[in-house]
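J.: Structure in structure tokens, see below.
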Amino acid sequence: MLRNGEGPYLVVSEVPADREPRVQVALKVADAEGFSPDPVVEVVAPFEDTHYGTKEMTVRDPDGRLWSLQAPGKG
């Protein structure tokens with residue numbers, strides 16, 4: 001993981017040979033509990049705790065694109 005303070009960071013990980021490498025952008029959300037997406041945004045997966053200390057949510061925009069949202073984990 002490459003990180004610059006509280007700003008953007010990059011995680012590089014191995015990809016199994018049978019999977020295609022990909023890039024995923026995660027948009028930062030200040031508070032998972034207080035976040036409410038616009039009604040035109042479909043929640044694909046609600047906020048869930050990750051093994052690396054954050055909460056992540058997946059949403060689909062009206063054009064069908066998937067977006068990952070990341071909020072601080074508890075404590």
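Order determines the names: the first chain of the structure tokens is A, the second B, and so forth; residues in each chain are numbered 1 upward, and ligands are numbered 1 upward as they are shown.
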When DSSP is applied to the backbone of this structure, which of chain A are assigned strand (DSSP E)? Write them out as a ChimeraX atom specification.
T.: /A:2-3,9-10,26-28,42-49,54-60,66-72
J.: Within 6 Å of Phe47 of chain A, counting only C-alpha atoms, which residues qualify if same-chain residues fewer than 5 places away don't, as a ChimeraX atom specification?
T.: /A:55-57
J.: So what do you get for atom CA of Ala30 of chain A versus atom CA of Val11 of chain A, distance-wise?
T.: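 That distance, rounded to one decimal, is 20.2 Å.
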J.: If we count only C-alpha atoms, what is near Val40 of chain A at a cut-off of 10 Å, once residues fewer than 3 positions away on the same chain are taken out, given as a VMD selection string?
T.: chain A and resid 37 43 60 to 62
J.: Restricting the calculation to only C-alpha atoms: of A:Val41, A:Phe35, A:Tyr52, A:Ser68, which residue gets closest to Val23 of chain A?
T.: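 Looking at the shortest contact to Val23 of chain A, the residue is A:Ser68.
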J.: Would you pick out the contacts of Lys74 of chain A at 10 Å or less, using only C-alpha atoms, so that residues sharing its chain but fewer than 5 positions from it are not included, and give the list as a ChimeraX atom specification?
T.: /A:32,49,53-55
J.: Using the selection just defined, write its residues with C-alpha atoms as a short mmCIF file (atom, residue, chain, number, x, y, z; two decimals), in the first residue's frame.
T.:
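File written: out14.cif
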data_model
loop_
_atom_site.label_atom_id
_atom_site.label_comp_id
_atom_site.auth_asym_id
_atom_site.auth_seq_id
_atom_site.Cartn_x
_atom_site.Cartn_y
_atom_site.Cartn_z
CA ALA A 32 -21.12 5.55 6.49
CA ASP A 49 -16.74 -3.77 7.27
CA GLY A 53 -10.38 -1.29 8.71
CA THR A 54 -12.83 0.57 6.50
CA LYS A 55 -16.44 0.20 5.41
#
J.: At a cut-off of 12 Å, using only C-alpha atoms, what residues contact Arg22 of chain A? Leave out same-chain residues fewer than 6 positions from it and give the result as a list in words.
T.: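 My list of contacting residues is Val11, Val12, Ser13, Glu14, Val15 and Pro16 of chain A.
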J.: Can you write just those residues out, all heavy atoms, as a tab-separated table (two decimals), in the first residue's frame?
T.:
chain	number	residue	atom	x	y	z
A	11	VAL	N	-3.21	0.49	-3.61
A	11	VAL	CA	-2.96	-0.86	-3.11
A	11	VAL	C	-2.64	-1.73	-4.32
A	11	VAL	O	-3.39	-1.75	-5.29
A	11	VAL	CB	-4.19	-1.43	-2.38
A	11	VAL	CG1	-3.94	-2.86	-1.95
A	11	VAL	CG2	-4.55	-0.57	-1.18
A	12	VAL	N	-1.52	-2.40	-4.29
A	12	VAL	CA	-1.13	-3.31	-5.36
A	12	VAL	C	-1.19	-4.72	-4.79
A	12	VAL	O	-0.62	-4.99	-3.73
A	12	VAL	CB	0.30	-3.00	-5.87
A	12	VAL	CG1	0.70	-3.96	-6.95
A	12	VAL	CG2	0.39	-1.56	-6.35
A	13	SER	N	-1.90	-5.60	-5.48
A	13	SER	CA	-2.00	-6.96	-4.98
A	13	SER	C	-1.90	-7.95	-6.13
A	13	SER	O	-2.05	-7.59	-7.30
A	13	SER	CB	-3.33	-7.16	-4.24
A	13	SER	OG	-4.41	-6.92	-5.11
A	14	GLU	N	-1.62	-9.19	-5.78
A	14	GLU	CA	-1.52	-10.24	-6.78
A	14	GLU	C	-2.90	-10.57	-7.33
A	14	GLU	O	-3.89	-10.48	-6.63
A	14	GLU	CB	-0.91	-11.50	-6.17
A	14	GLU	CG	0.54	-11.35	-5.81
A	14	GLU	CD	1.12	-12.65	-5.30
A	14	GLU	OE1	0.92	-13.70	-5.97
A	14	GLU	OE2	1.77	-12.61	-4.25
A	15	VAL	N	-2.92	-10.96	-8.60
A	15	VAL	CA	-4.15	-11.37	-9.25
A	15	VAL	C	-3.95	-12.81	-9.72
A	15	VAL	O	-2.98	-13.10	-10.41
A	15	VAL	CB	-4.47	-10.46	-10.45
A	15	VAL	CG1	-5.72	-10.91	-11.17
A	15	VAL	CG2	-4.59	-9.02	-10.01
A	16	PRO	N	-4.86	-13.71	-9.35
A	16	PRO	CA	-4.73	-15.09	-9.83
A	16	PRO	C	-4.69	-15.14	-11.35
A	16	PRO	O	-5.27	-14.29	-12.03
A	16	PRO	CB	-6.00	-15.77	-9.29
A	16	PRO	CG	-6.43	-14.92	-8.14
A	16	PRO	CD	-6.03	-13.53	-8.49
J.: Given only C-alpha atoms as the basis, pick out the residue of A:Ser36, A:Val25, A:Gly73, A:Trp67 nearest to Glu48 of chain A.
T.: A:Gly73
J.: Which is closer to Pro39 of chain A than all the others in A:Leu69, A:His51, A:Val59, A:Leu27, using only C-alpha atoms?
T.: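 Selected residue with least distance to Pro39 of chain A: A:Val59.
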J.: If I take atom CA of Val44 of chain A and atom CA of Pro72 of chain A, how far is one from the other in Å, to one decimal?
T.: 19.4 Å
J.: Would you mind reading off the distance between atom CA of Ala71 of chain A and atom CA of Lys28 of chain A, one decimal, in Å?
T.: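 Between atom CA of Ala71 of chain A and atom CA of Lys28 of chain A the gap works out to 5.9 Å.
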